[in-house]
>>> print(open('data32.pdb').read())   # PDB, C-alpha atoms (C1' of nucleotides)
ATOM      1  CA  MET A1261      71.745 -30.253  -0.552
ATOM      2  CA  PRO A1262      74.589 -28.635   1.257
ATOM      3  CA  GLU A1263      75.741 -26.543  -1.635
ATOM      4  CA  LEU A1264      76.514 -22.966  -0.869
ATOM      5  CA  PRO A1265      73.049 -21.449  -1.344
ATOM      6  CA  GLU A1266      71.465 -23.954   1.014
ATOM      7  CA  VAL A1267      74.126 -23.492   3.668
ATOM      8  CA  GLU A1268      74.034 -19.743   3.228
ATOM      9  CA  THR A1269      70.245 -19.766   3.414
ATOM     10  CA  ILE A1270      70.369 -21.695   6.671
ATOM     11  CA  ARG A1271      72.893 -19.286   8.079
ATOM     12  CA  ARG A1272      70.787 -16.272   7.200
ATOM     13  CA  ASP A1273      67.529 -17.830   8.371
ATOM     14  CA  LEU A1274      68.917 -18.934  11.703
ATOM     15  CA  SER A1275      71.186 -16.097  12.740
ATOM     16  CA  ALA A1276      68.641 -13.773  14.270
ATOM     17  CA  SER A1277      66.858 -16.492  16.221
ATOM     18  CA  ILE A1278      69.787 -18.269  17.840
ATOM     19  CA  LEU A1279      72.499 -15.690  18.445
ATOM     20  CA  GLY A1280      73.067 -15.199  22.134
ATOM     21  CA  LYS A1281      71.420 -18.496  23.023
ATOM     22  CA  THR A1282      73.256 -21.070  25.102
ATOM     23  CA  PHE A1283      73.436 -24.827  24.571
ATOM     24  CA  VAL A1284      71.915 -26.777  27.437
ATOM     25  CA  GLY A1285      72.037 -30.261  25.931
ATOM     26  CA  VAL A1286      72.483 -32.459  22.896
ATOM     27  CA  THR A1287      70.790 -35.664  21.834
ATOM     28  CA  LEU A1288      72.743 -37.705  19.326
ATOM     29  CA  ASN A1289      70.868 -40.265  17.281
ATOM     30  CA  TRP A1290      73.885 -40.897  15.109
ATOM     31  CA  PRO A1291      76.997 -40.672  17.289
ATOM     32  CA  ARG A1292      79.309 -41.286  14.380
ATOM     33  CA  MET A1293      78.547 -37.773  13.178
ATOM     34  CA  VAL A1294      80.627 -36.337  15.962
ATOM     35  CA  GLN A1295      84.221 -36.464  14.826
ATOM     36  CA  ILE A1296      85.936 -34.436  17.535
ATOM     37  CA  PRO A1297      85.788 -35.079  20.442
ATOM     38  CA  SER A1298      84.248 -38.429  21.273
ATOM     39  CA  PRO A1299      80.443 -38.599  21.253
ATOM     40  CA  GLN A1300      80.513 -39.321  24.961
ATOM     41  CA  ALA A1301      82.350 -36.118  25.756
ATOM     42  CA  PHE A1302      80.539 -34.000  23.205
ATOM     43  CA  GLU A1303      77.508 -33.034  25.254
ATOM     44  CA  GLN A1304      79.524 -32.073  28.298
ATOM     45  CA  LEU A1305      81.901 -30.003  26.219
ATOM     46  CA  LEU A1306      79.127 -28.127  24.443
ATOM     47  CA  LYS A1307      76.846 -27.541  27.413
ATOM     48  CA  GLY A1308      76.817 -23.985  28.722
ATOM     49  CA  LYS A1309      78.454 -22.444  25.683
ATOM     50  CA  THR A1310      76.802 -19.489  23.998
ATOM     51  CA  ILE A1311      76.373 -18.930  20.265
ATOM     52  CA  ALA A1312      78.177 -15.692  19.511
ATOM     53  CA  GLY A1313      78.097 -15.918  15.732
ATOM     54  CA  LEU A1314      77.010 -17.997  12.787
ATOM     55  CA  ASP A1315      79.357 -18.236   9.849
ATOM     56  CA  ARG A1316      80.043 -20.273   6.762
ATOM     57  CA  ARG A1317      83.131 -21.673   5.098
ATOM     58  CA  GLY A1318      82.392 -23.330   1.776
ATOM     59  CA  LYS A1319      79.684 -25.864   2.540
ATOM     60  CA  TYR A1320      80.386 -25.906   6.259
ATOM     61  CA  LEU A1321      78.204 -24.096   8.772
ATOM     62  CA  ILE A1322      80.208 -22.713  11.688
ATOM     63  CA  PHE A1323      78.814 -21.747  15.080
ATOM     64  CA  ARG A1324      81.185 -19.352  16.810
ATOM     65  CA  LEU A1325      80.985 -19.975  20.534
ATOM     66  CA  SER A1326      81.653 -17.481  23.276
ATOM     67  CA  SER A1327      84.387 -19.791  24.532
ATOM     68  CA  GLY A1328      86.312 -19.092  21.351
ATOM     69  CA  GLU A1329      85.697 -22.576  20.047
ATOM     70  CA  SER A1330      83.885 -23.424  16.836
ATOM     71  CA  LEU A1331      81.098 -25.936  16.351
ATOM     72  CA  ILE A1332      81.282 -27.034  12.740
ATOM     73  CA  LEU A1333      78.404 -28.744  10.934
ATOM     74  CA  HIS A1334      78.441 -30.469   7.585
ATOM     75  CA  PHE A1335      75.542 -32.534   6.335
ATOM     76  CA  GLY A1336      75.030 -34.605   3.254
ATOM     77  CA  MET A1337      72.613 -34.235   0.391
ATOM     78  CA  SER A1338      69.194 -32.997   1.496
ATOM     79  CA  GLY A1339      70.438 -32.357   5.013
ATOM     80  CA  SER A1340      69.375 -29.251   6.852
ATOM     81  CA  LEU A1341      68.816 -27.645  10.230
ATOM     82  CA  LEU A1342      65.262 -27.257  11.475
ATOM     83  CA  LEU A1343      64.329 -24.845  14.250
ATOM     84  CA  ASN A1344      61.500 -26.121  16.441
ATOM     85  CA  PRO A1345      60.031 -28.325  13.701
ATOM     86  CA  GLN A1346      56.269 -28.663  13.795
ATOM     87  CA  ASN A1347      56.190 -31.895  11.858
ATOM     88  CA  GLN A1348      57.841 -34.520  14.021
ATOM     89  CA  ALA A1349      57.281 -37.108  11.322
ATOM     90  CA  ASN A1350      60.042 -35.513   9.334
ATOM     91  CA  LEU A1351      62.639 -38.084  10.324
ATOM     92  CA  HIS A1352      66.322 -38.697   9.684
ATOM     93  CA  ILE A1353      67.085 -36.503  12.672
ATOM     94  CA  ARG A1354      70.684 -37.214  13.652
ATOM     95  CA  ALA A1355      71.147 -34.674  16.404
ATOM     96  CA  ILE A1356      68.998 -32.365  18.511
ATOM     97  CA  PHE A1357      70.569 -29.310  20.099
ATOM     98  CA  ARG A1358      68.648 -27.846  23.016
ATOM     99  CA  LEU A1359      69.007 -24.127  23.722
ATOM    100  CA  ASP A1360      68.420 -22.223  26.931
ATOM    101  CA  ASP A1361      65.264 -20.508  25.685
ATOM    102  CA  GLY A1362      63.592 -23.852  25.165
ATOM    103  CA  SER A1363      64.036 -23.941  21.415
ATOM    104  CA  ARG A1364      65.543 -26.921  19.660
ATOM    105  CA  LEU A1365      67.706 -27.240  16.605
ATOM    106  CA  TYR A1366      67.165 -30.488  14.709
ATOM    107  CA  LEU A1367      69.894 -31.679  12.388
ATOM    108  CA  ARG A1368      68.510 -33.759   9.521
ATOM    109  CA  ASP A1369      70.925 -35.817   7.463
ATOM    110  CA  PRO A1370      69.171 -38.663   5.621
ATOM    111  CA  ARG A1371      72.332 -39.923   3.924
ATOM    112  CA  LYS A1372      74.384 -39.925   7.113
ATOM    113  CA  LEU A1373      77.180 -38.256   5.225
ATOM    114  CA  GLY A1374      77.417 -35.340   7.600
ATOM    115  CA  GLY A1375      79.769 -34.562  10.412
ATOM    116  CA  ILE A1376      80.026 -32.465  13.548
ATOM    117  CA  TRP A1377      83.269 -31.054  14.903
ATOM    118  CA  LEU A1378      83.938 -29.065  18.053
ATOM    119  CA  VAL A1379      87.366 -27.513  17.815
ATOM    120  CA  GLU A1380      89.348 -24.697  19.353
ATOM    121  CA  ASP A1381      90.596 -23.500  15.985
ATOM    122  CA  GLU A1382      88.795 -24.492  12.822
ATOM    123  CA  ASN A1383      91.806 -23.579  10.744
ATOM    124  CA  ARG A1384      93.594 -26.512  12.252
ATOM    125  CA  LEU A1385      90.896 -28.825  10.896
ATOM    126  CA  ASP A1386      92.278 -30.190   7.643
ATOM    127  CA  ARG A1387      89.023 -30.169   5.745
ATOM    128  CA  ILE A1388      88.531 -26.487   6.581
ATOM    129  CA  SER A1389      92.091 -25.354   6.037
ATOM    130  CA  ARG A1390      92.206 -27.089   2.676
ATOM    131  CA  LEU A1391      89.246 -25.121   1.317
ATOM    132  CA  GLY A1392      90.011 -22.780  -1.516
ATOM    133  CA  PRO A1393      88.810 -19.184  -1.759
ATOM    134  CA  GLU A1394      85.108 -18.584  -1.311
ATOM    135  CA  ALA A1395      83.240 -18.228  -4.582
ATOM    136  CA  LEU A1396      81.492 -15.089  -3.327
ATOM    137  CA  ASP A1397      84.418 -13.593  -1.444
ATOM    138  CA  PRO A1398      85.084 -10.163  -2.974
ATOM    139  CA  ARG A1399      88.782 -10.746  -2.361
ATOM    140  CA  LEU A1400      88.660 -13.484  -5.007
ATOM    141  CA  THR A1401      89.283 -11.721  -8.287
ATOM    142  CA  ALA A1402      88.418 -12.840 -11.786
ATOM    143  CA  GLU A1403      92.123 -12.665 -12.601
ATOM    144  CA  ALA A1404      93.003 -15.108  -9.811
ATOM    145  CA  PHE A1405      90.218 -17.468 -10.888
ATOM    146  CA  VAL A1406      91.363 -17.395 -14.511
ATOM    147  CA  SER A1407      95.029 -17.987 -13.777
ATOM    148  CA  GLY A1408      94.202 -20.703 -11.257
ATOM    149  CA  ALA A1409      91.940 -22.556 -13.672
ATOM    150  CA  LYS A1410      94.644 -22.531 -16.295
ATOM    151  CA  GLY A1411      96.771 -24.658 -14.014
ATOM    152  CA  HIS A1412      94.365 -27.578 -14.354
ATOM    153  CA  SER A1413      94.000 -29.988 -17.228
ATOM    154  CA  ALA A1414      90.913 -31.675 -15.759
ATOM    155  CA  PRO A1415      87.445 -30.981 -17.206
ATOM    156  CA  ILE A1416      86.261 -27.530 -16.170
ATOM    157  CA  LYS A1417      83.261 -29.085 -14.431
ATOM    158  CA  ALA A1418      85.563 -31.165 -12.227
ATOM    159  CA  VAL A1419      87.641 -28.094 -11.413
ATOM    160  CA  LEU A1420      84.538 -26.174 -10.308
ATOM    161  CA  LEU A1421      83.585 -29.003  -7.973
ATOM    162  CA  ASP A1422      87.075 -29.120  -6.456
ATOM    163  CA  GLN A1423      86.571 -27.347  -3.131
ATOM    164  CA  SER A1424      90.287 -26.737  -2.764
ATOM    165  CA  PHE A1425      90.208 -24.700  -5.954
ATOM    166  CA  ILE A1426      87.031 -22.729  -5.259
ATOM    167  CA  ALA A1427      84.800 -23.313  -2.237
ATOM    168  CA  GLY A1428      81.041 -23.407  -2.305
ATOM    169  CA  VAL A1429      80.113 -24.418  -5.856
ATOM    170  CA  GLY A1430      77.936 -27.527  -5.857
ATOM    171  CA  ASN A1431      76.989 -29.816  -8.702
ATOM    172  CA  MET A1432      73.761 -28.133  -9.735
ATOM    173  CA  TYR A1433      75.233 -24.658  -9.607
ATOM    174  CA  ALA A1434      78.277 -25.706 -11.593
ATOM    175  CA  ASP A1435      75.951 -26.952 -14.346
ATOM    176  CA  GLU A1436      73.944 -23.730 -14.328
ATOM    177  CA  ALA A1437      77.048 -21.530 -14.415
ATOM    178  CA  LEU A1438      78.567 -23.497 -17.306
ATOM    179  CA  PHE A1439      75.343 -23.222 -19.260
ATOM    180  CA  ALA A1440      75.086 -19.502 -18.606
ATOM    181  CA  ALA A1441      78.697 -19.086 -19.749
ATOM    182  CA  ARG A1442      78.058 -21.352 -22.777
ATOM    183  CA  ILE A1443      80.954 -23.649 -21.912
ATOM    184  CA  HIS A1444      80.840 -27.420 -22.386
ATOM    185  CA  PRO A1445      81.459 -29.204 -19.057
ATOM    186  CA  THR A1446      84.050 -31.650 -20.424
ATOM    187  CA  ARG A1447      86.334 -29.003 -21.845
ATOM    188  CA  ARG A1448      89.734 -28.985 -20.208
ATOM    189  CA  ALA A1449      90.132 -26.003 -17.895
ATOM    190  CA  ASN A1450      93.481 -25.052 -19.416
ATOM    191  CA  SER A1451      91.954 -25.055 -22.904
ATOM    192  CA  LEU A1452      89.579 -22.218 -22.074
ATOM    193  CA  SER A1453      90.376 -18.680 -23.123
ATOM    194  CA  ASP A1454      90.731 -15.817 -20.668
ATOM    195  CA  GLU A1455      87.482 -14.438 -21.981
ATOM    196  CA  GLU A1456      85.641 -17.721 -21.411
ATOM    197  CA  LEU A1457      86.992 -18.185 -17.897
ATOM    198  CA  THR A1458      86.202 -14.590 -16.977
ATOM    199  CA  ARG A1459      82.680 -15.061 -18.268
ATOM    200  CA  LEU A1460      82.367 -18.267 -16.251
ATOM    201  CA  PHE A1461      83.618 -16.588 -13.087
ATOM    202  CA  HIS A1462      80.984 -13.883 -13.257
ATOM    203  CA  GLN A1463      78.242 -16.398 -14.055
ATOM    204  CA  ILE A1464      79.178 -18.498 -11.014
ATOM    205  CA  ARG A1465      78.634 -15.445  -8.831
ATOM    206  CA  ARG A1466      75.397 -14.518 -10.530
ATOM    207  CA  ILE A1467      74.012 -18.066 -10.237
ATOM    208  CA  LEU A1468      74.946 -18.432  -6.559
ATOM    209  CA  GLU A1469      73.511 -15.056  -5.637
ATOM    210  CA  ALA A1470      70.295 -15.814  -7.510
ATOM    211  CA  ALA A1471      69.985 -19.177  -5.765
ATOM    212  CA  ILE A1472      70.506 -17.568  -2.368
ATOM    213  CA  ASP A1473      67.752 -15.102  -3.234
ATOM    214  CA  CYS A1474      65.570 -18.152  -3.914
ATOM    215  CA  CYS A1475      66.502 -19.553  -0.479
ATOM    216  CA  GLY A1476      68.202 -22.580  -1.997
ATOM    217  CA  ALA A1477      67.008 -25.404  -4.220
ATOM    218  CA  SER A1478      64.626 -28.126  -3.085
ATOM    219  CA  ILE A1479      65.072 -30.593  -5.913
ATOM    220  CA  SER A1480      65.624 -33.230  -3.270
ATOM    221  CA  ASP A1481      64.048 -32.742   0.128
ATOM    222  CA  TYR A1482      66.047 -29.824   1.413
ATOM    223  CA  ARG A1483      64.060 -27.604   3.740
ATOM    224  CA  ARG A1484      64.849 -24.275   5.314
ATOM    225  CA  PRO A1485      64.970 -24.041   9.113
ATOM    226  CA  ASP A1486      61.294 -23.083   9.170
ATOM    227  CA  GLY A1487      60.352 -26.123   7.088
ATOM    228  CA  GLN A1488      59.684 -24.256   3.860
ATOM    229  CA  PRO A1489      61.310 -25.397   0.594
ATOM    230  CA  GLY A1490      63.642 -23.250  -1.479
ATOM    231  CA  THR A1491      62.631 -22.292  -4.998
ATOM    232  CA  ALA A1492      65.902 -22.119  -6.916
ATOM    233  CA  GLN A1493      65.067 -25.294  -8.831
ATOM    234  CA  PHE A1494      62.344 -23.393 -10.669
ATOM    235  CA  VAL A1495      64.873 -21.054 -12.235
ATOM    236  CA  PHE A1496      67.335 -23.772 -13.223
ATOM    237  CA  LYS A1497      67.762 -23.903 -16.959
ATOM    238  CA  VAL A1498      69.577 -27.224 -17.402
ATOM    239  CA  ALA A1499      70.244 -28.871 -14.030
ATOM    240  CA  HIS A1500      68.070 -31.948 -13.575
ATOM    241  CA  ARG A1501      66.228 -31.220 -16.786
ATOM    242  CA  LEU A1502      67.264 -34.206 -18.907
ATOM    243  CA  SER A1503      65.601 -34.212 -22.351
ATOM    244  CA  GLU A1504      63.731 -30.991 -21.689
ATOM    245  CA  PRO A1505      64.181 -28.324 -24.383
ATOM    246  CA  CYS A1506      67.008 -25.865 -23.878
ATOM    247  CA  PRO A1507      65.386 -22.525 -22.977
ATOM    248  CA  ALA A1508      67.694 -20.811 -25.470
ATOM    249  CA  CYS A1509      67.554 -23.086 -28.525
ATOM    250  CA  ALA A1510      65.083 -25.900 -27.708
ATOM    251  CA  THR A1511      67.706 -28.625 -28.166
ATOM    252  CA  PRO A1512      67.043 -31.426 -25.644
ATOM    253  CA  ILE A1513      69.226 -31.165 -22.541
ATOM    254  CA  GLU A1514      71.744 -34.000 -22.236
ATOM    255  CA  ARG A1515      73.330 -35.628 -19.239
ATOM    256  CA  ILE A1516      76.790 -37.152 -18.951
ATOM    257  CA  PRO A1517      78.746 -38.295 -15.918
ATOM    258  CA  ILE A1518      81.785 -36.270 -14.930
ATOM    259  CA  ARG A1519      83.606 -37.405 -11.799
ATOM    260  CA  GLN A1520      80.651 -39.742 -11.226
ATOM    261  CA  ARG A1521      78.377 -36.720 -11.024
ATOM    262  CA  GLY A1522      75.486 -36.052 -13.338
ATOM    263  CA  SER A1523      76.267 -33.125 -15.617
ATOM    264  CA  TYR A1524      73.401 -31.519 -17.482
ATOM    265  CA  PHE A1525      74.085 -29.286 -20.458
ATOM    266  CA  CYS A1526      72.835 -28.112 -23.832
ATOM    267  CA  PRO A1527      74.901 -29.767 -26.592
ATOM    268  CA  ASN A1528      74.096 -26.900 -28.933
ATOM    269  CA  CYS A1529      74.721 -23.869 -26.727
ATOM    270  CA  GLN A1530      77.742 -25.356 -24.949
ATOM    271  CA  HIS A1531      80.225 -26.276 -27.656
ATOM    272  CA  LYS A1532      83.012 -28.757 -27.100
ATOM    273  CA  SER A1533      85.620 -26.440 -28.502
TER     274      SER A1533
ATOM    275  C1'  DC B 977      66.038 -53.862  -9.213
ATOM    276  C1'  DA B 978      69.387 -51.042 -11.139
ATOM    277  C1'  DC B 979      70.377 -46.484 -11.293
ATOM    278  C1'  DT B 980      70.814 -41.666  -9.608
ATOM    279  C1'  DT B 981      71.679 -38.342  -6.110
ATOM    280  C1'  DT B 982      75.035 -35.700  -2.833
ATOM    281  C1'  DG B 983      80.570 -34.254  -1.096
ATOM    282  C1'  DT B 984      84.528 -36.146   0.683
ATOM    283  C1'  DT B 985      88.072 -39.551   1.537
ATOM    284  C1'  DT B 986      90.923 -42.977   0.023
ATOM    285  C1'  DC B 987      93.353 -45.342  -3.178
ATOM    286  C1'  DC B 988      95.881 -45.920  -7.553
ATOM    287  C1'  DA B 989      98.483 -44.504 -11.883
ATOM    288  C1'  DC B 990     101.570 -41.450 -13.748
TER     289       DC B 990
ATOM    290  C1'  DT C1483     104.843 -34.066  -4.698
ATOM    291  C1'  DG C1484     100.986 -33.301  -7.031
ATOM    292  C1'  DT C1485      97.498 -34.086 -10.434
ATOM    293  C1'  DG C1486      93.834 -36.803 -12.554
ATOM    294  C1'  DG C1487      90.631 -40.291 -12.149
ATOM    295  C1'  DA C1488      87.643 -43.556  -9.982
ATOM    296  C1'  DA C1489      85.792 -46.409  -6.233
ATOM    297  C1'  DA C1490      83.649 -46.239  -1.873
ATOM    298  C1'  DC C1491      80.735 -44.445   1.490
ATOM    299  C1'  DA C1492      75.370 -44.117   2.947
ATOM    300  C1'  DA C1493      70.519 -44.185   2.212
ATOM    301  C1'  DA C1494      66.507 -43.113  -0.224
ATOM    302  C1'  DG C1495      63.718 -42.084  -4.322
ATOM    303  C1'  DT C1496      62.465 -43.569  -9.009
TER     304       DT C1496
END
>>> encode(input="data32.pdb", output="structure tokens")
Amino acid sequence: MPELPEVETIRRDLSASILGKTFVGVTLNWPRMVQIPSPQAFEQLLKGKTIAGLDRRGKYLIFRLSSGESLILHFGMSGSLLLNPQNQANLHIRAIFRLDDGSRLYLRDPRKLGGIWLVEDENRLDRISRLGPEALDPRLTAEAFVSGAKGHSAPIKAVLLDQSFIAGVGNMYADEALFAARIHPTRRANSLSDEELTRLFHQIRRILEAAIDCCGASISDYRRPDGQPGTAQFVFKVAHRLSEPCPACATPIERIPIRQRGSYFCPNCQHKS
DNA sequence: CACTTTGTTTCCAC
DNA sequence: TGTGGAAACAAAGT
């Protein structure tokens, strides 16, 4: 699941082992992933370029190349990057990047929702430039989050998932943060008090940081680059726990759709008003 | 077999 | 123009 903790986990896991390495080839099993340039030109354009940095913007993983260009990866639910995978039976491999030290980066994307971009300036890529402030960026203040949220009449859960409002909060983590802040997911953002929104802001940060410490969540089949699962799902209190007792009050966890996404919450701890 | 799961784009109403 | 809402996309697990 390419929510921030998974992407951030990949970035941290991979950085030390691929920085300074040079691309020598690419195999594309799903050419439609490559958005810019054409799949035919992609390999030639990438070949010979060295990975100078590994970064993240929202749910996008960004390879900074020595040429000044950026190789941008985005993969759908359960997608991940595997470094020299031992288990070749782990399929849904859409691209294989070969590096000059003989190692290989496998891009898994079972849902084929991902994309690959090679661009001179990522800020000119609409989907990057339209991202809102990073949830964990220290420059994002609670005050800015609160005032921004008050400009929306949509359900607070929908606002948290809006990447142009705040980047990096995925569905599961939005549910966990709302539970921790004791806020019902359908409440309109502009109906929340300053105190509630401030509480929510700090819980978002706490939840994301905790999930990164757990190396991401493997509720689906997400795997870290070394093939190991994350463990964040074991500390989830409501996400994907339909009908299980609320850890705070034992009321069964409920699920409702918001923006066609499953939203798990405790109807007792998270009041509607 | 219908439903859920994921994030983003696209389309429509206001 | 922008905001809210929903369908569509794709594929696999339950």
>>> resolve_selection(input="data32.pdb", expression="the PyMOL selection byres ((chain C and resi 1489) around 10)", output="compact mmCIF listing (two decimals) with C-alpha atoms (C1' of nucleotides), in the frame of the given file")
# COMPACT_ATOMS: atom_id res chain seq x y z
CA GLN A 1520 80.65 -39.74 -11.23
C1' DT B 986 90.92 -42.98 0.02
C1' DC B 987 93.35 -45.34 -3.18
C1' DG C 1487 90.63 -40.29 -12.15
C1' DA C 1488 87.64 -43.56 -9.98
C1' DA C 1490 83.65 -46.24 -1.87
C1' DC C 1491 80.74 -44.44 1.49
>>> resolve_selection(input="data32.pdb", expression="the PyMOL selection byres ((chain B) within 10 of (chain A))", output="VMD selection string")
chain B and resid 980 to 984
>>> resolve_selection(input="data32.pdb", expression="the PyMOL selection byres ((chain A and resi 1474) around 12)", output="ChimeraX atom specification")
/A:1265-1266,1268-1269,1467-1473,1475-1478,1484,1488-1496
>>> interface_residues(input="data32.pdb", of="chain C", to="chain A", cutoff="7 Å", atoms="all atoms listed in the file", output="PDB file with C-alpha atoms (C1' of nucleotides), in the frame of the given file")
ATOM      1  C1'  DG C1486      93.834 -36.803 -12.554  1.00  0.00           C
ATOM      2  C1'  DA C1492      75.370 -44.117   2.947  1.00  0.00           C
ATOM      3  C1'  DA C1493      70.519 -44.185   2.212  1.00  0.00           C
TER       4       DA C1493
END
>>> closest_residue(input="data32.pdb", among="A:His1352, A:Arg1448, A:Arg1358, A:Arg1465", to="Gly1411 (chain A)", atoms="all atoms listed in the file")
A:Arg1448
>>> atom_distance(input="data32.pdb", atom1="CA of Asn1383 (chain A)", atom2="CA of Ile1322 (chain A)")
11.7 Å
>>> closest_residue(input="data32.pdb", among="A:His1500, A:Arg1390, A:Arg1272, A:Arg1459", to="Tyr1433 (chain A)", atoms="all atoms listed in the file")
A:His1500
>>> atom_distance(input="data32.pdb", atom1="CA of Gly1328 (chain A)", atom2="CA of Glu1394 (chain A)")
22.7 Å
>>> atom_distance(input="data32.pdb", atom1="CA of Ile1356 (chain A)", atom2="C1' of DG1495 (chain C)")
25.4 Å
>>> closest_residue(input="data32.pdb", among="A:Leu1305, A:Ile1278, A:Val1429, A:Met1293", to="Glu1380 (chain A)", atoms="all atoms listed in the file")
A:Leu1305
>>> axis_aligned_box(input="data32.pdb", around="region 1488-1494 of chain C", padding_each_side="5 Å", output="AutoDock Vina command-line options")
--center_x 77.1 --center_y -44.8 --center_z -3.5 --size_x 31.1 --size_y 13.3 --size_z 22.9
>>> residues_near_point(input="data32.pdb", point="(70.9, -32.5, -24.3)", cutoff="10 Å", atoms="all atoms listed in the file", output="list in words")
Val1498, Arg1501, Leu1502, Ser1503, Glu1504, Pro1505, Cys1506, Ala1510, Thr1511, Pro1512, Ile1513, Glu1514, Arg1515, Ile1516, Tyr1524, Phe1525, Cys1526, Pro1527, Asn1528, Cys1529 and Gln1530 of chain A
>>> residues_around(input="data32.pdb", residues="Ser1363 (chain A)", least_positions_apart="3", cutoff="10 Å", atoms="only C-alpha atoms (C1' of nucleotides)", output="ChimeraX atom specification")
/A:1277-1278,1281,1283,1343-1345,1357-1360,1366
